[in-house]
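Novice: My file is protein.cif. It has mmCIF, C-alpha atoms and all ligand atoms:
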data_target
loop_
_atom_site.label_atom_id
_atom_site.label_comp_id
_atom_site.auth_asym_id
_atom_site.auth_seq_id
_atom_site.Cartn_x
_atom_site.Cartn_y
_atom_site.Cartn_z
CA LEU A 1 -2.21 -20.75 5.37
CA GLY A 2 -3.85 -18.99 2.40
CA PRO A 3 -3.51 -15.86 0.29
CA THR A 4 -2.57 -12.35 1.34
CA ILE A 5 -5.64 -10.13 0.97
CA CYS A 6 -6.12 -6.38 0.91
CA VAL A 7 -9.37 -4.42 0.94
CA GLY A 8 -10.08 -1.00 -0.46
CA GLU A 9 -9.97 1.56 -3.21
CA ILE A 10 -9.22 0.69 -6.81
CA LEU A 11 -8.78 3.84 -8.90
CA VAL A 12 -7.22 5.25 -11.97
CA GLU A 13 -4.69 8.01 -11.53
CA ILE A 14 -4.38 10.76 -14.11
CA MET A 15 -1.46 13.07 -13.56
CA ALA A 16 -0.35 16.46 -14.83
CA THR A 17 2.89 16.22 -16.80
CA SER A 18 3.92 19.73 -15.65
CA VAL A 19 4.85 20.83 -12.14
CA GLY A 20 2.53 23.47 -10.75
CA GLU A 21 -0.50 24.19 -8.60
CA GLY A 22 -4.00 22.88 -9.15
CA PHE A 23 -6.11 22.21 -12.20
CA LEU A 24 -7.60 25.60 -12.97
CA ALA A 25 -6.58 25.68 -16.63
CA PRO A 26 -6.25 23.10 -19.38
CA MET A 27 -2.97 21.17 -19.19
CA ASP A 28 -1.33 18.05 -20.52
CA LEU A 29 -2.16 14.93 -18.52
CA ALA A 30 -0.73 11.40 -18.47
CA GLY A 31 -2.70 8.28 -17.69
CA PRO A 32 -5.04 6.66 -16.85
CA TYR A 33 -2.77 4.49 -14.69
CA PRO A 34 -4.10 1.64 -12.51
CA SER A 35 -4.01 2.86 -8.90
CA GLY A 36 -5.37 2.83 -5.38
CA ALA A 37 -2.98 2.01 -2.53
CA PRO A 38 -4.54 -1.41 -1.74
CA ALA A 39 -4.47 -2.40 -5.43
CA ILE A 40 -0.83 -1.32 -5.82
CA PHE A 41 0.08 -3.35 -2.74
CA ILE A 42 -1.66 -6.49 -4.03
CA ASP A 43 -0.21 -6.12 -7.52
CA GLN A 44 3.35 -6.00 -6.16
CA CYS A 45 2.61 -8.89 -3.79
CA ALA A 46 1.33 -11.04 -6.66
CA LYS A 47 4.28 -10.16 -8.88
CA ILE A 48 6.73 -11.37 -6.24
CA GLY A 49 4.99 -14.71 -6.40
CA GLY A 50 3.04 -14.73 -3.15
CA SER A 51 -0.59 -15.74 -3.48
CA ALA A 52 -2.45 -12.40 -3.36
CA ALA A 53 -6.10 -11.43 -3.70
CA MET A 54 -7.89 -8.09 -3.85
CA ILE A 55 -11.23 -7.10 -2.34
CA GLY A 56 -12.65 -4.00 -3.97
CA ALA A 57 -15.14 -2.61 -6.47
CA VAL A 58 -14.86 -1.02 -9.89
CA GLY A 59 -17.42 0.37 -12.31
CA ARG A 60 -18.47 -1.35 -15.51
CA ASP A 61 -16.23 0.94 -17.55
CA ASP A 62 -12.80 1.13 -19.14
CA PHE A 63 -11.14 2.40 -15.95
CA GLY A 64 -12.40 -0.69 -14.17
CA ARG A 65 -11.33 -2.99 -17.01
CA LEU A 66 -7.85 -1.42 -17.01
CA ASN A 67 -7.42 -2.27 -13.33
CA LEU A 68 -8.93 -5.76 -13.52
CA ASP A 69 -6.80 -6.68 -16.55
CA ARG A 70 -3.58 -5.43 -14.93
CA LEU A 71 -4.18 -7.18 -11.61
CA ALA A 72 -5.13 -10.45 -13.34
CA ALA A 73 -2.16 -10.26 -15.74
CA ASP A 74 0.17 -9.76 -12.76
CA GLY A 75 -1.20 -12.86 -11.06
CA ALA A 76 -3.57 -11.40 -8.47
CA ASP A 77 -6.86 -13.16 -7.65
CA ILE A 78 -9.61 -10.72 -8.72
CA SER A 79 -12.59 -12.98 -7.92
CA ALA A 80 -13.69 -10.77 -5.00
CA ILE A 81 -13.62 -7.50 -6.94
CA ALA A 82 -17.23 -6.46 -7.59
CA VAL A 83 -18.17 -4.82 -10.88
CA ASP A 84 -20.79 -2.18 -10.06
CA PRO A 85 -23.25 -1.58 -12.91
CA ASP A 86 -24.37 1.82 -11.62
CA TYR A 87 -21.33 3.69 -10.34
CA PRO A 88 -18.06 4.54 -12.13
CA THR A 89 -14.55 3.43 -11.21
CA GLY A 90 -12.89 5.91 -8.85
CA SER A 91 -10.33 8.38 -10.11
CA ALA A 92 -7.66 10.66 -8.73
CA PHE A 93 -6.15 13.59 -10.60
CA VAL A 94 -2.77 14.55 -9.21
CA ARG A 95 -0.38 17.40 -9.83
CA TYR A 96 3.00 17.88 -8.20
CA ARG A 97 4.07 21.27 -6.88
CA ALA A 98 7.67 22.44 -7.08
CA ASP A 99 8.25 21.55 -3.38
CA GLY A 100 7.02 17.95 -3.90
CA ALA A 101 3.58 18.56 -2.32
CA ARG A 102 0.65 17.23 -4.32
CA ASP A 103 -2.71 18.66 -5.31
CA PHE A 104 -5.49 16.06 -5.73
CA VAL A 105 -8.97 15.95 -7.18
CA TYR A 106 -10.50 12.69 -5.94
CA ASN A 107 -13.61 10.92 -7.12
CA ILE A 108 -13.86 8.11 -4.60
CA ALA A 109 -16.82 8.96 -2.36
CA THR A 110 -19.20 8.82 -5.35
CA SER A 111 -17.49 5.87 -7.08
CA ALA A 112 -17.96 2.11 -7.11
CA ALA A 113 -15.18 1.85 -4.49
CA ALA A 114 -17.37 3.59 -1.92
CA ARG A 115 -20.08 0.93 -2.40
CA LEU A 116 -17.75 -1.91 -1.56
CA GLY A 117 -19.42 -4.36 0.81
CA TRP A 118 -19.45 -7.89 2.25
CA THR A 119 -20.54 -10.36 -0.46
CA ASP A 120 -20.48 -14.16 -0.73
CA ARG A 121 -17.28 -13.94 -2.77
CA VAL A 122 -15.69 -11.73 -0.13
CA ALA A 123 -16.75 -14.18 2.60
CA ASP A 124 -15.30 -17.09 0.66
CA LEU A 125 -11.96 -15.35 0.11
CA VAL A 126 -11.65 -14.04 3.68
CA GLY A 127 -12.49 -17.52 4.98
CA ARG A 128 -9.37 -18.95 3.34
CA ALA A 129 -7.01 -15.96 3.73
CA GLY A 130 -3.77 -16.32 5.65
CA HIS A 131 -2.84 -12.66 5.91
CA LEU A 132 -4.77 -9.36 5.85
CA HIS A 133 -2.96 -6.16 4.88
CA VAL A 134 -4.78 -3.01 5.99
CA MET A 135 -4.30 0.29 4.15
CA GLY A 136 -5.24 3.26 6.34
CA SER A 137 -6.57 5.10 3.29
CA ALA A 138 -9.32 2.49 2.87
CA LEU A 139 -10.68 3.13 6.36
CA SER A 140 -12.13 6.48 5.26
CA MET A 141 -14.73 4.57 3.18
CA PRO A 142 -17.39 3.23 5.58
CA GLY A 143 -18.14 0.15 3.43
CA ALA A 144 -14.48 -0.84 3.20
CA ALA A 145 -13.92 -0.11 6.90
CA ARG A 146 -16.67 -2.58 7.85
CA VAL A 147 -15.26 -5.27 5.54
CA ILE A 148 -11.76 -4.74 6.99
CA GLU A 149 -13.03 -4.95 10.58
CA ARG A 150 -14.84 -8.23 9.85
CA ALA A 151 -11.97 -9.65 7.79
CA ALA A 152 -9.52 -8.87 10.62
CA GLU A 153 -11.64 -10.89 13.06
CA VAL A 154 -11.93 -13.88 10.71
CA VAL A 155 -8.24 -13.92 9.75
CA LYS A 156 -7.10 -13.55 13.38
CA ARG A 157 -9.48 -16.30 14.54
CA ARG A 158 -8.07 -18.80 12.06
CA GLY A 159 -4.49 -18.08 13.09
CA GLY A 160 -3.60 -15.72 10.22
CA THR A 161 -1.52 -12.56 10.46
CA ILE A 162 -2.22 -8.86 9.91
CA SER A 163 -0.12 -5.95 8.67
CA VAL A 164 -1.06 -2.26 8.76
CA ASP A 165 0.22 0.59 6.60
CA PRO A 166 -1.14 3.80 8.19
CA ASN A 167 -1.08 5.49 4.75
CA LEU A 168 -2.61 8.63 6.20
CA ARG A 169 -3.99 11.02 3.60
CA LYS A 170 -5.05 14.41 4.81
CA GLU A 171 -7.27 14.73 1.73
CA LEU A 172 -9.39 11.78 2.86
CA ALA A 173 -11.45 12.56 5.95
CA HIS A 174 -10.90 10.50 9.10
CA ASP A 175 -13.52 10.84 11.85
CA ALA A 176 -13.36 9.66 15.48
CA ALA A 177 -14.82 6.20 14.74
CA THR A 178 -12.26 5.67 11.97
CA GLY A 179 -9.51 6.72 14.37
CA ARG A 180 -10.68 4.14 16.92
CA LEU A 181 -10.83 1.37 14.31
CA PHE A 182 -7.35 2.31 13.12
CA SER A 183 -6.02 2.15 16.68
CA ASP A 184 -7.71 -1.24 17.28
CA LEU A 185 -6.16 -2.63 14.10
CA VAL A 186 -2.70 -1.40 15.13
CA GLY A 187 -3.26 -3.17 18.46
CA ILE A 188 -3.87 -6.56 16.80
CA CYS A 189 -1.40 -6.31 13.92
CA ASP A 190 1.78 -8.36 13.63
CA LEU A 191 3.61 -5.97 11.31
CA LEU A 192 3.33 -2.18 11.04
CA LEU A 193 4.69 -0.32 7.99
CA PRO A 194 4.71 3.41 8.78
CA SER A 195 6.55 6.19 7.00
CA GLY A 196 7.74 9.46 8.55
CA ASP A 197 5.59 10.73 11.41
CA GLU A 198 3.07 7.91 10.95
CA LEU A 199 5.12 5.90 13.46
CA ASP A 200 4.38 8.35 16.29
CA HIS A 201 0.79 8.75 15.19
CA ALA A 202 0.12 5.00 15.05
CA ALA A 203 1.75 4.44 18.45
CA GLY A 204 0.23 7.49 20.12
CA ALA A 205 3.69 8.36 21.46
CA ALA A 206 6.33 10.92 20.48
CA GLY A 207 9.82 9.85 19.40
CA THR A 208 11.00 6.61 17.79
CA ASP A 209 12.03 4.81 21.00
CA ALA A 210 8.82 5.65 22.88
CA ALA A 211 6.68 4.80 19.86
CA LEU A 212 8.37 1.42 19.34
CA ALA A 213 8.13 0.57 23.06
CA ARG A 214 4.41 1.36 23.02
CA LEU A 215 3.80 -0.72 19.89
CA PHE A 216 5.76 -3.74 21.17
CA ASP A 217 3.83 -3.47 24.46
CA ARG A 218 0.63 -3.71 22.46
CA GLY A 219 1.87 -6.91 20.79
CA VAL A 220 3.18 -5.64 17.44
CA LYS A 221 5.99 -8.03 16.46
CA GLU A 222 7.75 -6.10 13.70
CA VAL A 223 7.89 -2.48 12.51
CA ALA A 224 9.20 -1.71 9.01
CA LEU A 225 9.85 2.04 8.93
CA LYS A 226 9.91 3.53 5.42
CA GLN A 227 12.37 6.42 5.17
CA GLY A 228 12.23 7.53 1.51
CA ARG A 229 15.71 8.32 0.17
CA ALA A 230 17.13 7.19 3.53
CA GLY A 231 15.95 3.61 2.86
CA ALA A 232 14.12 1.58 5.49
CA THR A 233 14.69 0.08 8.95
CA VAL A 234 13.05 -2.93 10.57
CA PHE A 235 12.62 -3.04 14.35
CA ALA A 236 11.58 -6.09 16.40
CA PRO A 237 11.46 -6.54 20.19
CA GLY A 238 14.82 -7.61 21.61
CA CYS A 239 16.63 -7.43 18.23
CA PRO A 240 19.04 -4.79 16.92
CA PRO A 241 17.46 -2.61 14.18
CA GLN A 242 18.14 -3.83 10.64
CA HIS A 243 18.65 -1.06 8.10
CA ALA A 244 18.78 -1.06 4.30
CA PRO A 245 19.92 2.09 2.47
CA ALA A 246 17.88 3.21 -0.54
CA PHE A 247 18.98 2.45 -4.09
CA ALA A 248 20.45 5.38 -6.05
CA VAL A 249 17.82 6.23 -8.68
CA THR A 250 16.36 9.39 -10.22
CA GLU A 251 12.94 10.08 -8.77
CA LEU A 252 10.31 10.92 -11.39
CA ASP A 253 7.09 10.17 -9.47
CA PRO A 254 7.13 9.15 -5.77
CA THR A 255 3.50 7.96 -5.70
CA GLY A 256 3.16 4.27 -4.92
CA ALA A 257 6.65 3.72 -3.48
CA GLY A 258 5.38 2.86 -0.02
CA ASP A 259 2.66 0.58 -1.39
CA CYS A 260 5.11 -1.38 -3.58
CA PHE A 261 7.59 -1.49 -0.69
CA GLY A 262 4.86 -3.00 1.49
CA GLY A 263 3.67 -5.47 -1.15
CA ALA A 264 7.19 -6.75 -1.67
CA TYR A 265 8.04 -6.85 2.05
CA VAL A 266 4.91 -8.73 3.09
CA ALA A 267 5.15 -11.17 0.14
CA CYS A 268 8.82 -11.92 0.87
CA ARG A 269 8.28 -12.39 4.61
CA ARG A 270 5.31 -14.68 3.93
CA LEU A 271 7.50 -16.70 1.56
CA GLY A 272 9.78 -17.27 4.54
CA MET A 273 12.61 -14.87 3.67
CA ALA A 274 14.67 -13.37 6.49
CA VAL A 275 14.32 -9.65 7.30
CA PRO A 276 17.46 -8.45 5.42
CA VAL A 277 16.47 -10.29 2.24
CA ALA A 278 12.90 -9.00 2.37
CA LEU A 279 14.21 -5.47 3.06
CA THR A 280 16.46 -5.63 0.00
CA TYR A 281 13.57 -6.64 -2.25
CA ALA A 282 11.23 -4.08 -0.67
CA THR A 283 13.65 -1.14 -1.01
CA ALA A 284 14.29 -2.22 -4.62
CA ALA A 285 10.53 -2.32 -5.31
CA GLY A 286 10.13 1.18 -3.81
CA ALA A 287 13.04 2.55 -5.85
CA ARG A 288 11.75 1.09 -9.12
CA THR A 289 8.39 2.72 -8.46
CA VAL A 290 9.75 6.27 -8.06
CA MET A 291 11.70 5.96 -11.34
CA ARG A 292 8.49 5.63 -13.35
CA ARG A 293 5.45 7.81 -13.88
CA GLY A 294 2.32 6.05 -12.58
CA PRO A 295 1.96 4.46 -9.14
CA MET A 296 1.85 0.78 -10.16
CA GLU A 297 4.19 0.91 -13.15
CA GLY A 298 7.29 0.02 -11.13
CA ALA A 299 5.83 -3.14 -9.58
CA ALA A 300 8.24 -5.94 -10.43
CA THR A 301 8.71 -9.68 -10.45
CA ARG A 302 11.38 -11.29 -8.30
CA ALA A 303 13.58 -11.79 -11.40
CA GLU A 304 13.21 -8.10 -12.35
CA LEU A 305 14.09 -7.08 -8.81
CA ASP A 306 17.14 -9.40 -8.82
CA ALA A 307 18.35 -7.74 -12.04
CA PHE A 308 17.70 -4.26 -10.62
CA ILE A 309 19.53 -5.07 -7.36
CA ALA A 310 22.54 -6.43 -9.23
CA ALA A 311 22.76 -3.35 -11.47
CA THR A 312 21.98 -0.49 -9.05
CA PRO A 313 24.25 1.01 -6.37
CA ARG A 314 22.89 2.00 -2.96
CA ILE A 315 22.89 5.59 -1.72
CA ALA A 316 25.85 5.90 0.68
CA PRO A 317 24.63 6.36 4.27
P1 LIG B 1 5.71 6.22 1.48
O1 LIG B 1 5.46 6.28 -0.01
O2 LIG B 1 4.79 5.27 2.20
O3 LIG B 1 5.82 7.57 2.13
P2 LIG B 1 8.61 6.04 1.22
O4 LIG B 1 8.57 7.35 0.49
O5 LIG B 1 9.49 5.95 2.39
O6 LIG B 1 7.15 5.52 1.64
O7 LIG B 1 9.04 4.94 0.13
C1 LIG B 1 9.09 3.57 0.43
C2 LIG B 1 10.44 3.01 0.10
O8 LIG B 1 10.72 3.22 -1.30
C3 LIG B 1 11.59 3.66 0.86
O9 LIG B 1 11.80 2.99 2.09
C4 LIG B 1 12.76 3.48 -0.10
O10 LIG B 1 13.35 2.22 0.08
C5 LIG B 1 12.09 3.55 -1.47
N1 LIG B 1 12.19 4.93 -2.00
C6 LIG B 1 11.31 5.95 -1.86
N2 LIG B 1 11.75 7.07 -2.44
C7 LIG B 1 12.96 6.76 -2.99
C8 LIG B 1 13.95 7.50 -3.76
N3 LIG B 1 13.77 8.79 -4.09
N4 LIG B 1 15.07 6.84 -4.14
C9 LIG B 1 15.25 5.54 -3.84
N5 LIG B 1 14.37 4.80 -3.13
C10 LIG B 1 13.24 5.39 -2.71
#
Using structure tokens, write down the structure that the file contains.
Specialist:
Amino acid sequence: LGPTICVGEILVEIMATSVGEGFLAPMDLAGPYPSGAPAIFIDQCAKIGGSAAMIGAVGRDDFGRLNLDRLAADGADISAIAVDPDYPTGSAFVRYRADGARDFVYNIATSAAARLGWTDRVADLVGRAGHLHVMGSALSMPGAARVIERAAEVVKRRGGTISVDPNLRKELAHDAATGRLFSDLVGICDLLLPSGDELDHAAGAAGTDAALARLFDRGVKEVALKQGRAGATVFAPGCPPQHAPAFAVTELDPTGAGDCFGGAYVACRRLGMAVPVALTYATAAGARTVMRRGPMEGAATRAELDAFIAATPRIAP
């Protein structure tokens, strides 16, 4: 029916190589790495072999070039990414604390990403898209939120499908209007990909059973729950849950795991794979991501995932 599209922030990530709190003294940093949850999702989608296209904006600078070159090299359609002559590509500095929490310094609100809007190229792409993936993080940018709202209408009208990853970031403000839009999108989505307590939050109900019942009542057809080192479980109305344990790997950098999981899962399902097959690829994509520093560095082709799956044991339940 047409490509999978995703709208939102394209960034570089620059990360501290030492564990600790904040950025109040000089330190060694690694990066820039291509990043932004929607971009990571689309990159993994494209690498699997599904037709995938990104809607976003970068500055006319090296950080933008880095992202455009990576996405294009990995097979994503970048024709609807605007290059803003006046504003820089967004950036996120991240440092991990000993307990796994992260400190961020974001430059998104004053970056090209925040000036993302509806253009002729966006209209052309949305008009032929078969699937829209919504990243909750993108909804905190008013320009992106409007594009997503309009794209959802167009894609739904032409019989396409929608997936939503709540991807809630406490660092990025969410006001009441954003909350309403998020809830509306959950109500029209076919597939929800929450992690942890995002399931309850997206459903507006407490506890897995109540949350799933509420979501299925609202018309959601499939929920892929991401459970970190516990793997992932897919729920669908009237079907027994289907679980995949995680692969046994050493975690170096957890950023991007959920985005790569989602990119692989959506791409595989759209290619017609059954839930257990898609789950295997998606948990493999998530595991490869946490093994590497940089959020997009673990994104993998189907052949790379096949090799990884054959060589890597699962964590025993
Ligand atoms: P999110 O990043 O959205 O919070 P998760 O942390 O659950 O999502 O990661 C997504 C998927 O990546 C998980 O379902 C799991 O399959 C895989 N994954 C995440 N962390 C690990 C890990 N430490 N070891 C192996 N696989 C992992």
Novice: Would you mind telling me which residue in A:Pro88, A:Gly196, A:Pro38, A:Gly160 lies nearest to Thr233 (chain A) when using only C-alpha atoms?
Specialist: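 For Thr233 (chain A), the nearest of the candidates is A:Gly196.
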Novice: Got a sec to check which residues lie within 9 Å of ligand LIG 1 (chain B), using only C-alpha atoms and all ligand atoms, and send them as a PDB file with C-alpha atoms, keeping the file's coordinate frame?
Specialist:
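Written file, result11.pdb:
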ATOM      1  CA  ASP A 165       0.220   0.590   6.600  1.00  0.00           C
ATOM      2  CA  PRO A 166      -1.140   3.800   8.190  1.00  0.00           C
ATOM      3  CA  ASN A 167      -1.080   5.490   4.750  1.00  0.00           C
ATOM      4  CA  LEU A 193       4.690  -0.320   7.990  1.00  0.00           C
ATOM      5  CA  PRO A 194       4.710   3.410   8.780  1.00  0.00           C
ATOM      6  CA  SER A 195       6.550   6.190   7.000  1.00  0.00           C
ATOM      7  CA  GLY A 196       7.740   9.460   8.550  1.00  0.00           C
ATOM      8  CA  ALA A 224       9.200  -1.710   9.010  1.00  0.00           C
ATOM      9  CA  LEU A 225       9.850   2.040   8.930  1.00  0.00           C
ATOM     10  CA  LYS A 226       9.910   3.530   5.420  1.00  0.00           C
ATOM     11  CA  GLN A 227      12.370   6.420   5.170  1.00  0.00           C
ATOM     12  CA  GLY A 228      12.230   7.530   1.510  1.00  0.00           C
ATOM     13  CA  ARG A 229      15.710   8.320   0.170  1.00  0.00           C
ATOM     14  CA  ALA A 230      17.130   7.190   3.530  1.00  0.00           C
ATOM     15  CA  GLY A 231      15.950   3.610   2.860  1.00  0.00           C
ATOM     16  CA  ALA A 232      14.120   1.580   5.490  1.00  0.00           C
ATOM     17  CA  THR A 233      14.690   0.080   8.950  1.00  0.00           C
ATOM     18  CA  ALA A 244      18.780  -1.060   4.300  1.00  0.00           C
ATOM     19  CA  PRO A 245      19.920   2.090   2.470  1.00  0.00           C
ATOM     20  CA  ALA A 246      17.880   3.210  -0.540  1.00  0.00           C
ATOM     21  CA  PHE A 247      18.980   2.450  -4.090  1.00  0.00           C
ATOM     22  CA  ALA A 248      20.450   5.380  -6.050  1.00  0.00           C
ATOM     23  CA  VAL A 249      17.820   6.230  -8.680  1.00  0.00           C
ATOM     24  CA  THR A 250      16.360   9.390 -10.220  1.00  0.00           C
ATOM     25  CA  GLU A 251      12.940  10.080  -8.770  1.00  0.00           C
ATOM     26  CA  LEU A 252      10.310  10.920 -11.390  1.00  0.00           C
ATOM     27  CA  ASP A 253       7.090  10.170  -9.470  1.00  0.00           C
ATOM     28  CA  PRO A 254       7.130   9.150  -5.770  1.00  0.00           C
ATOM     29  CA  THR A 255       3.500   7.960  -5.700  1.00  0.00           C
ATOM     30  CA  GLY A 256       3.160   4.270  -4.920  1.00  0.00           C
ATOM     31  CA  ALA A 257       6.650   3.720  -3.480  1.00  0.00           C
ATOM     32  CA  GLY A 258       5.380   2.860  -0.020  1.00  0.00           C
ATOM     33  CA  ASP A 259       2.660   0.580  -1.390  1.00  0.00           C
ATOM     34  CA  CYS A 260       5.110  -1.380  -3.580  1.00  0.00           C
ATOM     35  CA  PHE A 261       7.590  -1.490  -0.690  1.00  0.00           C
ATOM     36  CA  GLY A 262       4.860  -3.000   1.490  1.00  0.00           C
ATOM     37  CA  LEU A 279      14.210  -5.470   3.060  1.00  0.00           C
ATOM     38  CA  THR A 280      16.460  -5.630   0.000  1.00  0.00           C
ATOM     39  CA  ALA A 282      11.230  -4.080  -0.670  1.00  0.00           C
ATOM     40  CA  THR A 283      13.650  -1.140  -1.010  1.00  0.00           C
ATOM     41  CA  ALA A 284      14.290  -2.220  -4.620  1.00  0.00           C
ATOM     42  CA  ALA A 285      10.530  -2.320  -5.310  1.00  0.00           C
ATOM     43  CA  GLY A 286      10.130   1.180  -3.810  1.00  0.00           C
ATOM     44  CA  ALA A 287      13.040   2.550  -5.850  1.00  0.00           C
ATOM     45  CA  ARG A 288      11.750   1.090  -9.120  1.00  0.00           C
ATOM     46  CA  THR A 289       8.390   2.720  -8.460  1.00  0.00           C
ATOM     47  CA  VAL A 290       9.750   6.270  -8.060  1.00  0.00           C
ATOM     48  CA  MET A 291      11.700   5.960 -11.340  1.00  0.00           C
ATOM     49  CA  ARG A 314      22.890   2.000  -2.960  1.00  0.00           C
ATOM     50  CA  ILE A 315      22.890   5.590  -1.720  1.00  0.00           C
TER      51      ILE A 315
END
Novice: To one decimal in Å, tell me the separation between CA of Thr178 (chain A) and CA of Tyr106 (chain A).
Specialist: 19.3 Å
Novice: Could you tell me how far CA of Ile5 (chain A) lies from CA of Val126 (chain A), in Å and to one decimal?
Specialist: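 Here the two named atoms are 7.7 Å from each other.
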Novice: Out of A:Ile48, A:Leu116, A:Ala98, A:Ala145, which residue has the shortest atom-to-atom distance to Arg269 (chain A) when counting all atoms listed in the file?
Specialist: A:Ile48
